[in-house]
Every structure is written in structure tokens, then in C-alpha cells.
Amino acid sequence: MAGMDIAVTGLGLVTPGGIGVGPSWAAVCDGRPAAALDPLLTDNPVRISCRVPGFDAERLLSARRAHRLDKFVQFALVAAHEAVADAGLDPQTWDGARVGVVLGCADGGPGTVEEQHHVLREQGADRVSPLLLPMQLPNMLAGQTAIEFGATGPNLVVATACASGATAIGTARDLLALGRCDIVLAGGSEAMVTPLVMAGFAQMGALSKRHDDPASASRPFDTERDGFVAGEGAGILVMERVADARARDAHVHGRIIGYGATADAHHMTSPHPDGAGIEAAVRAALADAGADPDDVQHVNAHGTSTPLNDLAEARMIARTLRGDPLVTSTKGVTGHLLGAAGAVEAAFTVLSVEHELVPPTANLVMPDSRIDIKLAQSATCMPIDLALSSSLGFGGQNTALAIAPA
């Protein structure tokens, strides 16, 4: 499958930067952080998050559907509708058997679980909703998307923690290259900002505690970073073989030309200190693309704003990509979207390549002196022939996507 270029013909985003590609892209290009104190986390040790602003599921999806869907599915359906419309496709006329859905998430619907567990404790088992399982099961992310769009081809949800969205895009690329489908809706969605989940992250010491200045809490690669800020949202890409996209005269935002995936086999939560696993994934993606490490001009890094991750990833970039690429982390704006992060950041990388614009790393005031890479501290216009989007996850999961212009 090496050399198989896959076109991205549709993009859909629901992020803390805004609902839709336009608002989300503008937010990251302007470097406007979304982090704020979260009233739903008032009793938690860490009370900062990045929420999707103004998300009204009843208005966007109808009251009945909103009531029957957890937020992680709601986000995905809104993003998928934007992506399909952007691709100029009509689900009423496409051959659903040739349309696949591959989506990633880390946790499914913990909000529904927490709500119904409260019902169980306070009102008893006979008051628990019969929708509990259909709403919270991770596979329902792809299942409900297939129902929404009449997609009866391969239907998968992948879970590689915070690399899930990127893994889904890579898996979709493989399905298209193998001829299993002609169109794939790929990406990720997550709605894990709940009291229980955030308490768990806080107890691990993973979250920023910058309560006095929450807007500056997510600060990738900065010397004063102290943890990530959790966010929510979804990113969906419509993917097709380049020849098929051109045959129907579709607008191509960019091409996914390489994919690599590895495991650290090192630690349940910490990345390999030298970034060995993500380096192997990057090298695999570049080999798949038929490209040399020196060819990479831009990297949208995983860049979580945690001390260990940022240092390991930066050392890997400096060691592996000798062409001095311009590196950014859009998590300074969006926070860490967990299982959706890789998909949203892949979409941002496609937009960077298409618009020849690298967004800044928001809140990067003083780069860590141990980090020797070129970091984007302001929005930068530049032609980009080859970019990488890298994603890492708990359990040592690593994914890299190589992205090129149309």
C-alpha cells in the first residue's frame, strides 16, 4: 500500500475553538486559548477545562435525537454533517455499502454512566434508563454515524487512548487502499470532561492547576507548563482515493500520504523518555509516504503541555527530523481533546498545508531550555510540501500521519 495517496475531501470540526471548521481554525490561528474555570467541576481538585462553546444539541440534531445520544456521539454527528456537506456528497444517492465509518474515542460516554450511576444510588435499579448501554458504549460512535448517513460498509471504533482519532484516520486509509470501501468517514470524538474522569486525571497529577490564570494553563513546550487541560469535541474527515475524488471533480483539501503506528511497550502512562516509540511511528509514516525525514517542513505535535510528553517528543523531533521543521501544538488553544485530539489535529494539519499557514503555539512564552526545535510562537505563512501530525496515548500508543497538499 506504500505510495497510496488518499484525498481529504471533507472536514468537520466541533472544538473548544468553536462549532465548525471556520471558527475552530480561526481560534487556533489567532492563538485564542479556550481554557476556563468549569462550573461543572466546582467540587473537583482541578476545575479547569476547555468546553465546546454554545453547543445546543437539540437545535443542531433535534430534541428527540439529542435525548437519546451521549455528547460524544452528538459532537461526532454535527462534525460529520459538516464534513459530508463540505465534500459535496449526498448520502441519499451514494452506495452505502461502499461507505465505511472508522472513528476513535478513548472512553465512550462516561457522562451517561455517571448520571445513571447517580440514579441507581438515589432511586434504585428499576429507575436506570434503558438507554444507558446504547448511549455509553464506545462502538455506538460509529454505529450511530452509520445510521445517520446510511453507511453500511466497514464500521469500526478504535481505542488507542489519546491517539485514537489519528489511528482511525490511518485505519481508514488502509481500508481505502485495500479497496474495501470508496469513501470513509474517519476521525474521533470525545466527551470525557466529567467530574469522575477529571478527578482521576487530577489524582494522577496529569492536569494543570493554574486556577489563578486558567486561560494560560495549557502551554505546550513552555518552561512553566504543569500539566494538560482536558477538552472535548470531534473531528471528522471524509476520505477517498485521489483518483475517485478527481473523477467527480471534488475539492481536495490535502492528501494523507503516510501512516505509522507503534507501541512503546514501556509504561502504562508515561511516554518512552527518548521518544523511541513515536520516532518509530514517524519513520514508518515517512517510509510509507516515500519521503525522507529531512523533507518534513511542519509538525503539528502532540504537545500536551505535560513535562514528560513535551520533552520526549521534542527530543524525538530534533533527533529525527533534521530539516528543522516548524513545530506547533494547537492544544494551547483547544486543550487536550483526548481520543478526538489526533483527528482534530490532523484536520488542522490539512488546513495548514492547504492555506500555507502554521498556527502559533498559544501560551508559549519561554520555551523549555532543554528543547531544541523550532517552535511557532506566532502564526507563520509558509509553503508546506510535507507535514506530520503526531499523536501519543496512554499504554504507549503512537501514531503519525504524513500529510501533503492536494
# chains A, B, ... in the order shown; residues from 1 in each chain; ligands from 1
>>> residues_around(residues="stretch 141-149 of chain A", least_positions_apart="6", cutoff="9 Å", atoms="only C-alpha atoms", output="MDAnalysis selection string")
chainID A and resid 69 72:74 76:77 80:81 91:92 96 99:105 108 155:157 185 188:189
>>> residues_around(residues="A:Ala83", least_positions_apart="2", cutoff="7 Å", atoms="only C-alpha atoms", output="VMD selection string")
chain A and resid 10 to 12 79 to 81 85 to 87 236 to 238
>>> residues_around(residues="A:Pro16", least_positions_apart="6", cutoff="8 Å", atoms="only C-alpha atoms", output="list in words")
Ser24, Ala34, Cys50, Arg51, Val52, Pro53, Gly231, Glu232, Gly233, Val333, Thr334 and Gly335 of chain A
>>> write_last_selection(atoms="N, CA and C atoms", output="tab-separated table (two decimals), in the first residue's frame")
chain	number	residue	atom	x	y	z
A	24	SER	N	-13.21	27.12	14.42
A	24	SER	CA	-12.13	26.36	15.05
A	24	SER	C	-10.78	26.75	14.48
A	34	ALA	N	-8.92	28.49	24.92
A	34	ALA	CA	-10.31	28.23	25.30
A	34	ALA	C	-10.46	27.83	26.76
A	50	CYS	N	-11.61	22.85	28.79
A	50	CYS	CA	-11.90	23.51	27.51
A	50	CYS	C	-13.19	22.91	26.96
A	51	ARG	N	-14.28	23.63	27.10
A	51	ARG	CA	-15.59	23.17	26.64
A	51	ARG	C	-15.87	23.71	25.23
A	52	VAL	N	-16.72	22.99	24.50
A	52	VAL	CA	-17.23	23.49	23.22
A	52	VAL	C	-18.21	24.61	23.53
A	53	PRO	N	-18.01	25.81	22.99
A	53	PRO	CA	-18.90	26.93	23.34
A	53	PRO	C	-20.24	26.86	22.61
A	231	GLY	N	-10.15	18.77	27.25
A	231	GLY	CA	-11.17	19.38	26.40
A	231	GLY	C	-12.10	18.33	25.83
A	232	GLU	N	-13.00	18.80	24.99
A	232	GLU	CA	-14.00	17.92	24.37
A	232	GLU	C	-14.20	18.35	22.93
A	233	GLY	N	-14.78	17.46	22.12
A	233	GLY	CA	-15.07	17.83	20.74
A	233	GLY	C	-14.92	16.67	19.78
A	333	VAL	N	-4.60	26.19	22.46
A	333	VAL	CA	-5.93	26.79	22.26
A	333	VAL	C	-7.03	25.83	22.71
A	334	THR	N	-7.01	24.62	22.20
A	334	THR	CA	-8.13	23.68	22.39
A	334	THR	C	-8.06	22.89	23.68
A	335	GLY	N	-6.88	22.86	24.33
A	335	GLY	CA	-6.69	21.87	25.37
A	335	GLY	C	-6.51	20.51	24.72
>>> residues_around(residues="A:Ile6", least_positions_apart="5", cutoff="6 Å", atoms="only C-alpha atoms", output="ChimeraX atom specification")
/A:240-242,255-256
>>> closest_atom_pairs(of="stretch 276-337 of chain A", to="stretch 203-211 of chain A", cutoff="10 Å", atoms="only C-alpha atoms", output="JSON lines")
{"residue": "A:Thr304", "atom": "CA", "partner": "A:Ala206", "partner_atom": "CA", "distance": 9.9}
{"residue": "A:Ser305", "atom": "CA", "partner": "A:Ser208", "partner_atom": "CA", "distance": 8.4}
{"residue": "A:Thr306", "atom": "CA", "partner": "A:Ala206", "partner_atom": "CA", "distance": 7.1}
{"residue": "A:Pro307", "atom": "CA", "partner": "A:Ala206", "partner_atom": "CA", "distance": 9.4}
>>> select_by_dssp(residues="stretch 118-346 of chain A", states="strand (DSSP E or B)", output="VMD selection string")
chain A and resid 155 to 158 160 162 183 to 190 207 222 228 230 to 231 233 to 241 254 to 263 298 to 300 326 to 328 336
>>> closest_atom_pairs(of="stretch 105-181 of chain A", to="stretch 263-278 of chain A", cutoff="12 Å", atoms="only C-alpha atoms", output="JSON lines")
{"residue": "A:Thr160", "atom": "CA", "partner": "A:Ala263", "partner_atom": "CA", "distance": 10.0}
{"residue": "A:Ala161", "atom": "CA", "partner": "A:Thr269", "partner_atom": "CA", "distance": 10.2}
{"residue": "A:Cys162", "atom": "CA", "partner": "A:Thr269", "partner_atom": "CA", "distance": 11.0}
{"residue": "A:Ala163", "atom": "CA", "partner": "A:Ile278", "partner_atom": "CA", "distance": 11.0}
>>> write_last_selection(atoms="all heavy atoms", output="mmCIF file, in the first residue's frame")
data_model
loop_
_atom_site.group_PDB
_atom_site.id
_atom_site.type_symbol
_atom_site.label_atom_id
_atom_site.label_comp_id
_atom_site.auth_asym_id
_atom_site.auth_seq_id
_atom_site.Cartn_x
_atom_site.Cartn_y
_atom_site.Cartn_z
ATOM 1 N N THR A 160 -7.144 3.810 21.011
ATOM 2 C CA THR A 160 -5.723 3.852 21.326
ATOM 3 C C THR A 160 -5.452 5.080 22.190
ATOM 4 O O THR A 160 -4.536 5.856 21.952
ATOM 5 C CB THR A 160 -4.855 3.878 20.054
ATOM 6 O OG1 THR A 160 -5.301 4.941 19.184
ATOM 7 C CG2 THR A 160 -4.946 2.566 19.301
ATOM 8 N N ALA A 161 -6.345 5.256 23.194
ATOM 9 C CA ALA A 161 -6.252 6.383 24.122
ATOM 10 C C ALA A 161 -6.213 7.692 23.337
ATOM 11 O O ALA A 161 -7.036 7.903 22.457
ATOM 12 C CB ALA A 161 -5.046 6.213 25.042
ATOM 13 N N CYS A 162 -5.248 8.544 23.637
ATOM 14 C CA CYS A 162 -5.231 9.875 23.023
ATOM 15 C C CYS A 162 -4.716 9.875 21.590
ATOM 16 O O CYS A 162 -4.647 10.935 20.955
ATOM 17 C CB CYS A 162 -4.421 10.826 23.886
ATOM 18 S SG CYS A 162 -5.134 11.028 25.534
ATOM 19 N N ALA A 163 -4.365 8.720 21.077
ATOM 20 C CA ALA A 163 -4.018 8.586 19.662
ATOM 21 C C ALA A 163 -5.196 8.068 18.836
ATOM 22 O O ALA A 163 -5.069 7.891 17.619
ATOM 23 C CB ALA A 163 -2.827 7.639 19.501
#
>>> residues_around(residues="A:Gly323", least_positions_apart="6", cutoff="10 Å", atoms="only C-alpha atoms", output="NGL selection string")
:A and (292-298 or 317)
>>> closest_residue(among="A:Leu388, A:Ile403, A:Arg225, A:His253", to="A:Met366", atoms="only C-alpha atoms")
A:Arg225
>>> select_by_dssp(residues="stretch 339-405 of chain A", states="alpha helix (DSSP H)", output="ChimeraX atom specification")
/A:341-355
>>> closest_residue(among="A:Val28, A:Val113, A:Leu308, A:Ala402", to="A:Asp368", atoms="only C-alpha atoms")
A:Leu308
>>> residues_around(residues="A:Gly260", least_positions_apart="5", cutoff="12 Å", atoms="only C-alpha atoms", output="VMD selection string")
chain A and resid 2 163 166 to 171 173 to 174 277 to 289 388 to 392 397 to 402
>>> closest_residue(among="A:Ala97, A:Leu326, A:Ile371, A:Val119", to="A:Pro359", atoms="only C-alpha atoms")
A:Leu326
>>> decode(residues="stretch 230-242 of chain A", atoms="all heavy atoms", output="compact mmCIF listing (two decimals), in the first residue's frame")
# COMPACT_ATOMS: atom_id res chain seq x y z
N ALA A 230 -7.97 19.38 29.99
CA ALA A 230 -8.84 18.46 29.25
C ALA A 230 -9.89 19.24 28.46
O ALA A 230 -10.45 20.23 28.94
CB ALA A 230 -9.53 17.50 30.22
N GLY A 231 -10.15 18.77 27.25
CA GLY A 231 -11.17 19.38 26.40
C GLY A 231 -12.10 18.33 25.83
O GLY A 231 -12.00 17.14 26.13
N GLU A 232 -13.00 18.80 24.99
CA GLU A 232 -14.00 17.92 24.37
C GLU A 232 -14.20 18.35 22.93
O GLU A 232 -13.86 19.47 22.54
CB GLU A 232 -15.33 18.02 25.13
CG GLU A 232 -15.91 19.43 25.14
CD GLU A 232 -17.19 19.57 25.97
OE1 GLU A 232 -17.56 18.62 26.67
OE2 GLU A 232 -17.83 20.63 25.89
N GLY A 233 -14.78 17.46 22.12
CA GLY A 233 -15.07 17.83 20.74
C GLY A 233 -14.92 16.67 19.78
O GLY A 233 -14.78 15.51 20.20
N ALA A 234 -14.92 16.99 18.49
CA ALA A 234 -14.85 15.97 17.45
C ALA A 234 -14.21 16.54 16.20
O ALA A 234 -14.31 17.74 15.91
CB ALA A 234 -16.24 15.44 17.11
N GLY A 235 -13.57 15.66 15.46
CA GLY A 235 -13.06 16.00 14.14
C GLY A 235 -13.35 14.86 13.19
O GLY A 235 -13.04 13.70 13.50
N ILE A 236 -13.98 15.17 12.06
CA ILE A 236 -14.33 14.15 11.07
C ILE A 236 -13.76 14.55 9.72
O ILE A 236 -13.89 15.70 9.29
CB ILE A 236 -15.86 13.98 10.94
CG1 ILE A 236 -16.50 13.68 12.31
CG2 ILE A 236 -16.19 12.88 9.93
CD1 ILE A 236 -16.12 12.35 12.92
N LEU A 237 -13.13 13.58 9.05
CA LEU A 237 -12.60 13.77 7.70
C LEU A 237 -13.34 12.84 6.75
O LEU A 237 -13.57 11.67 7.07
CB LEU A 237 -11.11 13.45 7.64
CG LEU A 237 -10.11 14.45 8.22
CD1 LEU A 237 -10.28 14.61 9.74
CD2 LEU A 237 -8.69 14.03 7.90
N VAL A 238 -13.70 13.34 5.59
CA VAL A 238 -14.18 12.49 4.51
C VAL A 238 -12.97 12.15 3.66
O VAL A 238 -12.28 13.03 3.16
CB VAL A 238 -15.25 13.18 3.65
CG1 VAL A 238 -15.63 12.30 2.46
CG2 VAL A 238 -16.49 13.49 4.49
N MET A 239 -12.72 10.84 3.51
CA MET A 239 -11.54 10.36 2.81
C MET A 239 -11.93 9.50 1.61
O MET A 239 -12.85 8.68 1.70
CB MET A 239 -10.65 9.57 3.78
CG MET A 239 -10.16 10.41 4.96
SD MET A 239 -9.34 9.45 6.27
CE MET A 239 -7.99 8.68 5.37
N GLU A 240 -11.23 9.71 0.51
CA GLU A 240 -11.46 8.97 -0.73
C GLU A 240 -10.12 8.74 -1.42
O GLU A 240 -9.15 9.47 -1.17
CB GLU A 240 -12.36 9.75 -1.69
CG GLU A 240 -13.65 10.29 -1.12
CD GLU A 240 -14.38 11.19 -2.12
OE1 GLU A 240 -14.69 10.73 -3.23
OE2 GLU A 240 -14.60 12.37 -1.78
N ARG A 241 -10.06 7.77 -2.32
CA ARG A 241 -8.88 7.66 -3.16
C ARG A 241 -8.78 8.89 -4.05
O ARG A 241 -9.80 9.43 -4.52
CB ARG A 241 -8.94 6.38 -4.00
CG ARG A 241 -8.68 5.10 -3.19
CD ARG A 241 -8.79 3.85 -4.05
NE ARG A 241 -10.18 3.61 -4.43
CZ ARG A 241 -11.05 2.92 -3.68
NH1 ARG A 241 -10.68 2.41 -2.52
NH2 ARG A 241 -12.28 2.73 -4.10
N VAL A 242 -7.57 9.36 -4.27
CA VAL A 242 -7.36 10.57 -5.05
C VAL A 242 -8.01 10.47 -6.42
O VAL A 242 -8.66 11.41 -6.90
CB VAL A 242 -5.86 10.88 -5.17
CG1 VAL A 242 -5.62 11.98 -6.20
CG2 VAL A 242 -5.28 11.31 -3.82
